[in-house]
Structures are given as C-alpha cells and as structure tokens.
>>> print(open('run_1.cif').read())   # mmCIF, N, CA, C and O atoms
data_coords
#
loop_
_atom_site.label_atom_id
_atom_site.label_comp_id
_atom_site.auth_asym_id
_atom_site.auth_seq_id
_atom_site.Cartn_x
_atom_site.Cartn_y
_atom_site.Cartn_z
N MET A 24 139.21 283.88 23.19
CA MET A 24 138.05 283.90 22.32
C MET A 24 137.98 282.59 21.54
O MET A 24 138.98 282.12 21.02
N ALA A 25 136.81 282.02 21.47
CA ALA A 25 136.62 280.77 20.75
C ALA A 25 136.63 281.03 19.25
O ALA A 25 136.36 282.12 18.78
N ASP A 26 136.96 279.98 18.51
CA ASP A 26 136.96 280.09 17.06
C ASP A 26 135.54 280.32 16.56
O ASP A 26 134.58 279.77 17.10
N PRO A 27 135.39 281.09 15.48
CA PRO A 27 134.05 281.28 14.91
C PRO A 27 133.60 280.01 14.19
O PRO A 27 134.40 279.14 13.86
N ILE A 28 132.31 279.92 13.96
CA ILE A 28 131.75 278.84 13.14
C ILE A 28 132.08 279.15 11.69
O ILE A 28 131.87 280.27 11.23
N THR A 29 132.61 278.18 10.98
CA THR A 29 132.86 278.35 9.56
C THR A 29 132.24 277.17 8.80
O THR A 29 132.34 276.02 9.26
N VAL A 30 131.60 277.48 7.69
CA VAL A 30 130.97 276.45 6.87
C VAL A 30 131.17 276.82 5.40
O VAL A 30 130.96 277.98 5.02
N ASP A 31 131.59 275.85 4.60
CA ASP A 31 131.67 276.04 3.15
C ASP A 31 130.46 275.37 2.51
O ASP A 31 130.16 274.21 2.79
N ILE A 32 129.78 276.14 1.66
CA ILE A 32 128.57 275.65 1.01
C ILE A 32 128.80 275.69 -0.50
O ILE A 32 128.97 276.77 -1.07
N PRO A 33 128.82 274.53 -1.15
CA PRO A 33 129.06 274.51 -2.60
C PRO A 33 127.87 275.05 -3.39
O PRO A 33 126.73 275.02 -2.93
N HIS A 34 128.16 275.56 -4.59
CA HIS A 34 127.10 275.99 -5.50
C HIS A 34 127.59 275.81 -6.94
O HIS A 34 128.78 275.61 -7.18
N LYS A 35 126.65 275.90 -7.87
CA LYS A 35 126.96 275.74 -9.30
C LYS A 35 126.40 276.92 -10.09
O LYS A 35 125.96 276.75 -11.22
N HIS A 36 126.44 278.10 -9.50
CA HIS A 36 125.86 279.28 -10.12
C HIS A 36 126.94 280.34 -10.33
O HIS A 36 128.05 280.23 -9.81
N THR A 37 126.59 281.38 -11.06
CA THR A 37 127.49 282.52 -11.17
C THR A 37 127.48 283.29 -9.86
O THR A 37 126.55 283.16 -9.05
N ARG A 38 128.51 284.10 -9.65
CA ARG A 38 128.56 284.92 -8.43
C ARG A 38 127.37 285.87 -8.37
O ARG A 38 126.83 286.11 -7.29
N ALA A 39 126.94 286.39 -9.52
CA ALA A 39 125.80 287.31 -9.54
C ALA A 39 124.53 286.63 -9.05
O ALA A 39 123.76 287.21 -8.28
N ILE A 40 124.31 285.40 -9.47
CA ILE A 40 123.13 284.65 -9.03
C ILE A 40 123.21 284.37 -7.54
O ILE A 40 122.24 284.55 -6.80
N VAL A 41 124.37 283.92 -7.09
CA VAL A 41 124.54 283.62 -5.66
C VAL A 41 124.35 284.88 -4.83
O VAL A 41 123.68 284.86 -3.79
N ARG A 42 124.90 285.98 -5.30
CA ARG A 42 124.76 287.25 -4.59
C ARG A 42 123.28 287.62 -4.45
O ARG A 42 122.81 288.01 -3.37
N ALA A 43 122.52 287.49 -5.54
CA ALA A 43 121.09 287.80 -5.50
C ALA A 43 120.34 286.88 -4.55
O ALA A 43 119.47 287.32 -3.79
N ARG A 44 120.69 285.61 -4.56
CA ARG A 44 120.01 284.65 -3.68
C ARG A 44 120.35 284.91 -2.21
O ARG A 44 119.50 284.75 -1.34
N LEU A 45 121.58 285.31 -1.95
CA LEU A 45 121.95 285.66 -0.58
C LEU A 45 121.19 286.89 -0.12
O LEU A 45 120.71 286.95 1.02
N GLU A 46 121.09 287.86 -0.99
CA GLU A 46 120.37 289.09 -0.65
C GLU A 46 118.90 288.78 -0.35
O GLU A 46 118.35 289.26 0.63
N GLU A 47 118.28 287.95 -1.20
CA GLU A 47 116.89 287.56 -1.01
C GLU A 47 116.70 286.70 0.24
O GLU A 47 115.67 286.78 0.91
N GLY A 48 117.68 285.86 0.53
CA GLY A 48 117.54 284.90 1.62
C GLY A 48 118.09 285.36 2.95
O GLY A 48 118.12 284.58 3.91
N LEU A 49 118.51 286.62 3.04
CA LEU A 49 119.13 287.09 4.28
C LEU A 49 118.19 286.95 5.48
O LEU A 49 118.61 286.52 6.55
N GLN A 50 116.93 287.27 5.30
CA GLN A 50 115.98 287.13 6.41
C GLN A 50 115.76 285.67 6.77
O GLN A 50 115.60 285.33 7.93
N LYS A 51 115.80 284.78 5.76
CA LYS A 51 115.67 283.35 6.05
C LYS A 51 116.89 282.87 6.85
O LYS A 51 116.76 282.00 7.70
N ALA A 52 118.04 283.43 6.54
CA ALA A 52 119.25 283.04 7.26
C ALA A 52 119.14 283.38 8.73
O ALA A 52 119.64 282.66 9.59
N SER A 53 118.46 284.47 9.03
CA SER A 53 118.32 284.85 10.44
C SER A 53 117.50 283.83 11.21
O SER A 53 117.62 283.72 12.43
N ALA A 54 116.68 283.05 10.52
CA ALA A 54 115.86 282.04 11.18
C ALA A 54 116.71 280.90 11.74
O ALA A 54 116.22 280.07 12.49
N MET A 55 117.98 280.85 11.38
CA MET A 55 118.86 279.80 11.89
C MET A 55 119.15 280.00 13.37
O MET A 55 119.57 279.06 14.05
N LEU A 56 118.95 281.21 13.87
CA LEU A 56 119.03 281.49 15.30
C LEU A 56 117.63 281.88 15.74
O LEU A 56 117.11 282.91 15.32
N PRO A 57 117.00 281.07 16.58
CA PRO A 57 115.62 281.37 16.99
C PRO A 57 115.48 282.79 17.55
O PRO A 57 116.30 283.24 18.34
N GLY A 58 114.45 283.47 17.09
CA GLY A 58 114.17 284.80 17.61
C GLY A 58 115.13 285.88 17.14
O GLY A 58 115.18 286.96 17.71
N SER A 59 115.90 285.61 16.09
CA SER A 59 116.88 286.59 15.64
C SER A 59 116.34 287.42 14.48
O SER A 59 115.37 287.06 13.83
N SER A 60 117.01 288.53 14.24
CA SER A 60 116.68 289.37 13.10
C SER A 60 117.96 290.01 12.58
O SER A 60 118.97 290.10 13.30
N VAL A 61 117.93 290.45 11.33
CA VAL A 61 119.08 291.09 10.74
C VAL A 61 119.06 292.56 11.15
O VAL A 61 118.10 293.28 10.87
N ALA A 62 120.11 292.99 11.84
CA ALA A 62 120.20 294.37 12.30
C ALA A 62 120.79 295.27 11.22
O ALA A 62 120.40 296.42 11.08
N GLU A 63 121.75 294.74 10.46
CA GLU A 63 122.39 295.52 9.41
C GLU A 63 123.11 294.58 8.46
O GLU A 63 123.44 293.46 8.84
N HIS A 64 123.31 295.05 7.23
CA HIS A 64 124.10 294.27 6.28
C HIS A 64 124.69 295.20 5.22
O HIS A 64 124.15 296.27 4.95
N ARG A 65 125.82 294.78 4.66
CA ARG A 65 126.47 295.55 3.61
C ARG A 65 127.36 294.62 2.80
O ARG A 65 127.85 293.61 3.30
N TRP A 66 127.55 294.97 1.54
CA TRP A 66 128.45 294.23 0.67
C TRP A 66 129.77 294.98 0.60
O TRP A 66 129.80 296.21 0.51
N ASP A 67 130.85 294.25 0.63
CA ASP A 67 132.19 294.77 0.41
C ASP A 67 132.83 293.87 -0.64
O ASP A 67 133.35 292.80 -0.31
N GLY A 68 132.70 294.25 -1.91
CA GLY A 68 133.15 293.38 -2.99
C GLY A 68 132.29 292.13 -3.03
O GLY A 68 131.07 292.21 -3.10
N ASP A 69 132.92 290.97 -2.93
CA ASP A 69 132.21 289.69 -2.92
C ASP A 69 132.00 289.15 -1.51
O ASP A 69 131.82 287.95 -1.32
N SER A 70 132.00 290.02 -0.53
CA SER A 70 131.77 289.61 0.86
C SER A 70 130.55 290.33 1.42
O SER A 70 130.45 291.56 1.34
N LEU A 71 129.63 289.56 1.94
CA LEU A 71 128.44 290.10 2.61
C LEU A 71 128.71 290.10 4.11
O LEU A 71 128.93 289.05 4.70
N HIS A 72 128.71 291.27 4.70
CA HIS A 72 128.88 291.42 6.14
C HIS A 72 127.51 291.73 6.72
O HIS A 72 126.81 292.62 6.22
N PHE A 73 127.11 291.00 7.75
CA PHE A 73 125.83 291.30 8.37
C PHE A 73 125.88 290.99 9.86
O PHE A 73 126.71 290.21 10.33
N THR A 74 124.98 291.63 10.58
CA THR A 74 124.88 291.43 12.02
C THR A 74 123.47 290.98 12.34
O THR A 74 122.50 291.60 11.92
N LEU A 75 123.39 289.89 13.07
CA LEU A 75 122.12 289.39 13.58
C LEU A 75 122.01 289.78 15.05
O LEU A 75 123.03 289.87 15.75
N VAL A 76 120.79 289.98 15.51
CA VAL A 76 120.55 290.16 16.94
C VAL A 76 119.70 288.98 17.38
O VAL A 76 118.63 288.75 16.82
N ALA A 77 120.22 288.21 18.34
CA ALA A 77 119.53 287.03 18.83
C ALA A 77 119.64 286.98 20.34
O ALA A 77 120.74 287.08 20.88
N MET A 78 118.52 286.84 21.00
CA MET A 78 118.48 286.76 22.46
C MET A 78 119.29 287.89 23.09
O MET A 78 120.04 287.70 24.04
N GLY A 79 119.14 289.08 22.54
CA GLY A 79 119.82 290.25 23.07
C GLY A 79 121.31 290.31 22.75
O GLY A 79 122.01 291.19 23.23
N GLN A 80 121.80 289.38 21.94
CA GLN A 80 123.22 289.30 21.61
C GLN A 80 123.42 289.68 20.14
O GLN A 80 122.62 289.31 19.29
N ARG A 81 124.51 290.37 19.85
CA ARG A 81 124.85 290.71 18.46
C ARG A 81 125.80 289.64 17.91
O ARG A 81 126.77 289.28 18.55
N VAL A 82 125.47 289.15 16.72
CA VAL A 82 126.23 288.09 16.08
C VAL A 82 126.79 288.61 14.76
O VAL A 82 126.05 288.82 13.80
N ALA A 83 128.10 288.85 14.74
CA ALA A 83 128.76 289.33 13.52
C ALA A 83 128.96 288.15 12.58
O ALA A 83 129.45 287.09 12.99
N SER A 84 128.61 288.33 11.31
CA SER A 84 128.68 287.25 10.34
C SER A 84 129.20 287.78 9.00
O SER A 84 129.06 288.96 8.70
N ARG A 85 129.78 286.88 8.23
CA ARG A 85 130.28 287.24 6.91
C ARG A 85 130.13 286.04 5.99
O ARG A 85 130.34 284.90 6.40
N VAL A 86 129.79 286.31 4.73
CA VAL A 86 129.74 285.28 3.71
C VAL A 86 130.60 285.75 2.55
O VAL A 86 130.37 286.82 2.00
N ASP A 87 131.61 284.97 2.20
CA ASP A 87 132.51 285.28 1.09
C ASP A 87 132.12 284.42 -0.10
O ASP A 87 131.99 283.20 0.02
N LEU A 88 131.93 285.07 -1.26
CA LEU A 88 131.55 284.36 -2.48
C LEU A 88 132.78 283.93 -3.25
O LEU A 88 133.72 284.70 -3.43
N PHE A 89 132.75 282.68 -3.70
CA PHE A 89 133.78 282.13 -4.58
C PHE A 89 133.08 281.51 -5.77
O PHE A 89 131.85 281.36 -5.78
N ASP A 90 133.82 281.14 -6.79
CA ASP A 90 133.23 280.61 -8.01
C ASP A 90 132.43 279.32 -7.79
O ASP A 90 131.45 279.09 -8.49
N ASP A 91 132.83 278.49 -6.84
CA ASP A 91 132.16 277.20 -6.65
C ASP A 91 131.61 276.96 -5.25
O ASP A 91 131.05 275.91 -4.98
N HIS A 92 131.76 277.94 -4.36
CA HIS A 92 131.23 277.79 -3.01
C HIS A 92 131.14 279.16 -2.33
O HIS A 92 131.69 280.14 -2.83
N VAL A 93 130.43 279.19 -1.22
CA VAL A 93 130.47 280.35 -0.35
C VAL A 93 131.08 279.88 0.97
O VAL A 93 130.93 278.72 1.37
N HIS A 94 131.77 280.79 1.61
CA HIS A 94 132.41 280.50 2.90
C HIS A 94 131.73 281.39 3.93
O HIS A 94 131.83 282.62 3.86
N ALA A 95 131.00 280.77 4.85
CA ALA A 95 130.27 281.50 5.87
C ALA A 95 131.05 281.49 7.18
O ALA A 95 131.58 280.45 7.58
N ILE A 96 131.09 282.64 7.83
CA ILE A 96 131.78 282.79 9.10
C ILE A 96 130.81 283.45 10.07
O ILE A 96 130.29 284.54 9.79
N VAL A 97 130.57 282.80 11.19
CA VAL A 97 129.65 283.32 12.21
C VAL A 97 130.43 283.40 13.51
O VAL A 97 130.90 282.39 14.03
N ASP A 98 130.57 284.62 14.02
CA ASP A 98 131.33 284.84 15.25
C ASP A 98 130.35 285.00 16.41
O ASP A 98 129.77 286.07 16.60
N LEU A 99 130.16 283.94 17.16
CA LEU A 99 129.18 283.94 18.24
C LEU A 99 129.74 284.61 19.50
O LEU A 99 130.89 284.37 19.87
N PRO A 100 128.90 285.39 20.19
CA PRO A 100 129.31 285.91 21.49
C PRO A 100 129.32 284.76 22.50
O PRO A 100 128.73 283.70 22.25
N PRO A 101 129.98 284.94 23.63
CA PRO A 101 130.13 283.83 24.60
C PRO A 101 128.83 283.12 24.97
O PRO A 101 128.79 281.90 25.00
N PHE A 102 127.77 283.86 25.22
CA PHE A 102 126.51 283.23 25.64
C PHE A 102 125.98 282.27 24.58
O PHE A 102 125.50 281.18 24.90
N LEU A 103 126.06 282.65 23.31
CA LEU A 103 125.51 281.82 22.24
C LEU A 103 126.43 280.69 21.81
O LEU A 103 126.02 279.81 21.07
N ARG A 104 127.66 280.69 22.26
CA ARG A 104 128.58 279.59 21.91
C ARG A 104 128.10 278.25 22.44
O ARG A 104 128.51 277.21 21.95
N LEU A 105 127.22 278.29 23.42
CA LEU A 105 126.62 277.05 23.93
C LEU A 105 125.88 276.31 22.82
O LEU A 105 125.71 275.10 22.87
N PHE A 106 125.42 277.05 21.83
CA PHE A 106 124.61 276.49 20.75
C PHE A 106 125.41 276.33 19.45
O PHE A 106 124.84 276.08 18.39
N ALA A 107 126.72 276.45 19.50
CA ALA A 107 127.57 276.46 18.30
C ALA A 107 127.38 275.21 17.44
O ALA A 107 127.23 275.33 16.21
N ASP A 108 127.36 274.04 18.03
CA ASP A 108 127.23 272.81 17.23
C ASP A 108 125.88 272.75 16.51
O ASP A 108 125.81 272.36 15.34
N LYS A 109 124.82 273.16 17.19
CA LYS A 109 123.49 273.15 16.57
C LYS A 109 123.41 274.19 15.45
O LYS A 109 122.82 273.94 14.41
N ILE A 110 124.00 275.34 15.68
CA ILE A 110 123.98 276.40 14.66
C ILE A 110 124.79 275.97 13.44
O ILE A 110 124.35 276.15 12.30
N ARG A 111 125.95 275.37 13.67
CA ARG A 111 126.79 274.88 12.56
C ARG A 111 126.03 273.84 11.74
O ARG A 111 126.02 273.87 10.51
N ALA A 112 125.38 272.89 12.41
CA ALA A 112 124.63 271.83 11.72
C ALA A 112 123.47 272.41 10.92
O ALA A 112 123.23 272.01 9.78
N LYS A 113 122.77 273.38 11.49
CA LYS A 113 121.63 273.98 10.79
C LYS A 113 122.11 274.79 9.59
O LYS A 113 121.51 274.73 8.51
N LEU A 114 123.21 275.50 9.73
CA LEU A 114 123.78 276.26 8.62
C LEU A 114 124.20 275.33 7.49
O LEU A 114 123.94 275.60 6.31
N ALA A 115 124.84 274.22 7.84
CA ALA A 115 125.29 273.25 6.82
C ALA A 115 124.09 272.61 6.11
O ALA A 115 124.15 272.32 4.91
N LYS A 116 122.99 272.41 6.84
CA LYS A 116 121.80 271.78 6.25
C LYS A 116 120.96 272.77 5.45
O LYS A 116 120.52 272.48 4.34
N GLU A 117 120.74 273.95 5.99
CA GLU A 117 119.83 274.93 5.37
C GLU A 117 120.53 275.85 4.38
O GLU A 117 119.89 276.37 3.48
N GLY A 118 121.83 276.05 4.54
CA GLY A 118 122.57 276.95 3.64
C GLY A 118 122.43 276.59 2.17
O GLY A 118 122.15 277.48 1.35
N PRO A 119 122.61 275.32 1.80
CA PRO A 119 122.46 274.97 0.38
C PRO A 119 121.07 275.28 -0.18
O PRO A 119 120.93 275.59 -1.36
N LYS A 120 120.05 275.24 0.65
CA LYS A 120 118.69 275.55 0.18
C LYS A 120 118.57 277.02 -0.21
O LYS A 120 117.81 277.36 -1.11
N LEU A 121 119.31 277.89 0.47
CA LEU A 121 119.29 279.32 0.13
C LEU A 121 119.89 279.58 -1.23
O LEU A 121 119.54 280.54 -1.92
N LEU A 122 120.84 278.72 -1.64
CA LEU A 122 121.55 278.93 -2.90
C LEU A 122 120.94 278.15 -4.05
O LEU A 122 121.31 278.38 -5.20
N ALA A 123 120.05 277.21 -3.76
CA ALA A 123 119.47 276.33 -4.80
C ALA A 123 118.62 277.09 -5.79
O ALA A 123 118.14 278.14 -5.57
#
>>> encode(input="run_1.cif", output="structure tokens")
Amino acid sequence: MADPITVDIPHKHTRAIVRARLEEGLQKASAMLPGSSVAEHRWDGDSLHFTLVAMGQRVASRVDLFDDHVHAIVDLPPFLRLFADKIRAKLAKEGPKLLA
C-alpha cells in the first residue's frame, strides 16, 4: 500500500474557529477531487474523519486540529494514486483558504 497524502496547513485561529471553518468548508474540500462528494463525516475529539466518493472510488480522509496547524491525511485508493501529486498540490494551495 502506498503512503497516504499528508499536508500540514498552518493557521492562527482557535481550535473552535478552525473546527467551524472545516465544518463549513467540507463541501469545498470535496472539490479538490473533480466530481467528488462527501459521503459521510464525523468528529472524534479534534479529528474530523470523512469519506469522499470520487470517480466511483471511496477516499478515506482525516484532518487533525492542532493549536497552530491542521494535519490532513488523504488515503487514496490505487486508481486515484495516479493523481496524488496534483491532489497534494491542490490541497496545499487551497487548504489555507478554507481556514482563512
């Protein structure tokens, strides 16, 4: 199994603010994979677990909140790993906008 995509995104907000912005921006996050949608999501403490469905594939994802950054983990299925570099770059570019 290939390593998941991981990206750290800095922020200067409280965890409560970041949590609210992540909740509001969850659908925007799904736009990082063309044609995807959020199938399910849940909070476990300061970790947001969610599943995207893209091109018929399920993408398990998690975002862990910290005081000064969030740590995003996206576990791509084999078919979508072809796009890993593009997805990582888009997450690194668009992720900070979700938290701004």
>>> atom_distance(input="run_1.cif", atom1="CA of Asp67 (chain A)", atom2="atom O of Asp26 (chain A)")
22.6 Å
>>> residues_around(input="run_1.cif", residues="region 112-121 of chain A", least_positions_apart="3", cutoff="6 Å", atoms="all atoms listed in the file", output="ChimeraX atom specification")
/A:33,44-45,48,107-109
>>> resolve_selection(input="run_1.cif", expression="the PyMOL selection byres (((chain A and resi 94 and name CA) around 12) and name CA)", output="list in words")
Ile28, Thr29, Val30, Asp31, Ile32, Pro33, His34, Asp69, Ser70, Leu71, His72, Ser84, Arg85, Val86, Asp87, Leu88, Phe89, Asp90, Asp91, His92, Val93, Ala95, Ile96, Val97, Leu114, Ala115, Gly118 and Pro119 of chain A
>>> atom_distance(input="run_1.cif", atom1="CA of Asp98 (chain A)", atom2="CA of Pro27 (chain A)")
4.5 Å
>>> atom_distance(input="run_1.cif", atom1="atom N of Leu103 (chain A)", atom2="atom C of Arg65 (chain A)")
23.8 Å
>>> resolve_selection(input="run_1.cif", expression="the PyMOL selection byres ((chain A and resi 82) around 7)", output="count of residues only")
14
>>> select_by_dssp(input="run_1.cif", residues="chain A", states="helix (DSSP H, G or I)", output="VMD selection string")
chain A and resid 38 to 53 101 to 122
>>> select_by_dssp(input="run_1.cif", residues="region 37-98 of chain A", states="strand (DSSP E)", output="ChimeraX atom specification")
/A:60-67,70-77,80-88,92-98
>>> build_atoms(input="run_1.cif", residues="region 57-68 of chain A", atoms="all heavy atoms", output="short mmCIF file (atom, residue, chain, number, x, y, z; two decimals), keeping the file's coordinate frame")
data_model
loop_
_atom_site.label_atom_id
_atom_site.label_comp_id
_atom_site.auth_asym_id
_atom_site.auth_seq_id
_atom_site.Cartn_x
_atom_site.Cartn_y
_atom_site.Cartn_z
N PRO A 57 117.00 281.07 16.58
CA PRO A 57 115.62 281.37 16.99
C PRO A 57 115.48 282.79 17.55
O PRO A 57 116.30 283.24 18.34
CB PRO A 57 115.34 280.32 18.07
CG PRO A 57 116.29 279.21 17.77
CD PRO A 57 117.52 279.87 17.21
N GLY A 58 114.45 283.47 17.09
CA GLY A 58 114.17 284.80 17.61
C GLY A 58 115.13 285.88 17.14
O GLY A 58 115.18 286.96 17.71
N SER A 59 115.90 285.61 16.09
CA SER A 59 116.88 286.59 15.64
C SER A 59 116.34 287.42 14.48
O SER A 59 115.37 287.06 13.83
CB SER A 59 118.18 285.91 15.24
OG SER A 59 118.01 285.16 14.06
N SER A 60 117.01 288.53 14.24
CA SER A 60 116.68 289.37 13.10
C SER A 60 117.96 290.01 12.58
O SER A 60 118.97 290.10 13.30
CB SER A 60 115.68 290.46 13.51
OG SER A 60 116.25 291.30 14.48
N VAL A 61 117.93 290.45 11.33
CA VAL A 61 119.08 291.09 10.74
C VAL A 61 119.06 292.56 11.15
O VAL A 61 118.10 293.28 10.87
CB VAL A 61 119.06 290.97 9.20
CG1 VAL A 61 120.23 291.71 8.58
CG2 VAL A 61 119.08 289.51 8.78
N ALA A 62 120.11 292.99 11.84
CA ALA A 62 120.20 294.37 12.30
C ALA A 62 120.79 295.27 11.22
O ALA A 62 120.40 296.42 11.08
CB ALA A 62 121.04 294.45 13.57
N GLU A 63 121.75 294.74 10.46
CA GLU A 63 122.39 295.52 9.41
C GLU A 63 123.11 294.58 8.46
O GLU A 63 123.44 293.46 8.84
CB GLU A 63 123.40 296.52 10.00
CG GLU A 63 124.48 295.84 10.83
CD GLU A 63 125.31 296.83 11.65
OE1 GLU A 63 124.87 297.97 11.86
OE2 GLU A 63 126.39 296.43 12.08
N HIS A 64 123.31 295.05 7.23
CA HIS A 64 124.10 294.27 6.28
C HIS A 64 124.69 295.20 5.22
O HIS A 64 124.15 296.27 4.95
CB HIS A 64 123.26 293.16 5.64
CG HIS A 64 122.30 293.61 4.58
ND1 HIS A 64 121.10 294.21 4.88
CD2 HIS A 64 122.37 293.55 3.25
CE1 HIS A 64 120.47 294.49 3.75
NE2 HIS A 64 121.22 294.10 2.74
N ARG A 65 125.82 294.78 4.66
CA ARG A 65 126.47 295.55 3.61
C ARG A 65 127.36 294.62 2.80
O ARG A 65 127.85 293.61 3.30
CB ARG A 65 127.30 296.71 4.17
CG ARG A 65 128.51 296.25 4.96
CD ARG A 65 129.36 297.42 5.46
NE ARG A 65 130.37 296.96 6.39
CZ ARG A 65 131.51 296.36 6.06
NH1 ARG A 65 131.80 296.15 4.79
NH2 ARG A 65 132.36 295.98 6.97
N TRP A 66 127.55 294.97 1.54
CA TRP A 66 128.45 294.23 0.67
C TRP A 66 129.77 294.98 0.60
O TRP A 66 129.80 296.21 0.51
CB TRP A 66 127.86 294.11 -0.74
CG TRP A 66 126.76 293.10 -0.82
CD1 TRP A 66 125.42 293.33 -0.72
CD2 TRP A 66 126.92 291.70 -1.01
NE1 TRP A 66 124.73 292.15 -0.83
CE2 TRP A 66 125.64 291.13 -1.02
CE3 TRP A 66 128.03 290.86 -1.18
CZ2 TRP A 66 125.42 289.77 -1.19
CZ3 TRP A 66 127.80 289.51 -1.36
CH2 TRP A 66 126.52 288.97 -1.36
N ASP A 67 130.85 294.25 0.63
CA ASP A 67 132.19 294.77 0.41
C ASP A 67 132.83 293.87 -0.64
O ASP A 67 133.35 292.80 -0.31
CB ASP A 67 132.99 294.77 1.72
CG ASP A 67 134.37 295.37 1.58
OD1 ASP A 67 134.65 296.01 0.55
OD2 ASP A 67 135.18 295.19 2.51
N GLY A 68 132.70 294.25 -1.91
CA GLY A 68 133.15 293.38 -2.99
C GLY A 68 132.29 292.13 -3.03
O GLY A 68 131.07 292.21 -3.10
#
